[in-house]
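Okay, structure first, notes after.
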Amino acid sequence: MLEKVYLNRFKSDQKQTLGELVFKGKVIAKTLELPWKNNQKKISCIPVGTYRVKRRYTSKLGNHFWLQNVPNRDYVLIHKGNYNFQIEGCILPGKEHIDINHDSYLDVTSSKDKMIELNRLLPLEFDLVVS
């Protein structure tokens with residue numbers, strides 16, 4: 001049985017969805033996603049559910065995580081980034097929710113460092129429970 005990581009979403013509006021990643025009962029990252037738009041590719045967050053996640057590497061993103069079997073979607077990732085305009089249906093992790101660029105929307109801070117931490121902390125494969 002794989003370990004579970006929980007993505008607990010707590011705020012969503014027309015521009016973004018905010019949440020937290022929880023592992024072994026501890027908040028390990030703040031998250032930033034797009035708003036819910038009926039699971040449309042590149043413009044919506046993913047549906048509530050449980051997804052198998054595997055670690056992956058590309059020269060563009062470095063080490064990141066790839067969600068498997070998201071309905072009607074390919075290559076939904078957990079990867080570094082700070083702003084909602086950097087998201088195409090993926091999940092950005094960071095240290096805090098702060099409006100970095102002063103556009104009245106919360107961003108995630110220290111995403112590059114948080115990804116390094118998550119790659120050290122999380123197993124190579126796990127189940128992500130999205131609520």
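Identifiers for the structure tokens are assigned positionally: chains receive A, B, ... in sequence, residues are indexed from 1 per chain, and ligands are indexed from 1 in the order shown.
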
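Near Thr17 (chain A), within a cut-off of 9 Å and counting only C-alpha atoms, sit the residues Arg9, Phe10, Lys11, Ser12, Thr31, Leu32, Glu33, Leu34, Pro35, Trp36 and Cys45 of chain A, with same-chain residues fewer than 5 positions away left out.
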
**Q.** DSSP strand (DSSP E) residues within chain A, as a ChimeraX atom specification
**A.** /A:4-12,17-23,26-33,49-58,62-67,76-78,92-94,97-98,107-108,125-130

Q: Compile the contact shell of region 55-66 of chain A as a ChimeraX atom specification: residues with an atom at most 12 Å away, counting only C-alpha atoms, same-chain residues fewer than 2 positions apart removed.
A: /A:51-53,68-70,73-81,90-93,111-128

Q.
Please report the interatomic distance between CA of Val48 (chain A) and CA of Ser104 (chain A) in Å with one decimal.
A. 26.4 Å

(Q) Calculated over only C-alpha atoms, which of the candidates A:Tyr105, A:Ser44, A:Thr50, A:Lys30 has the smallest distance to Leu2 (chain A)? (A) A:Thr50
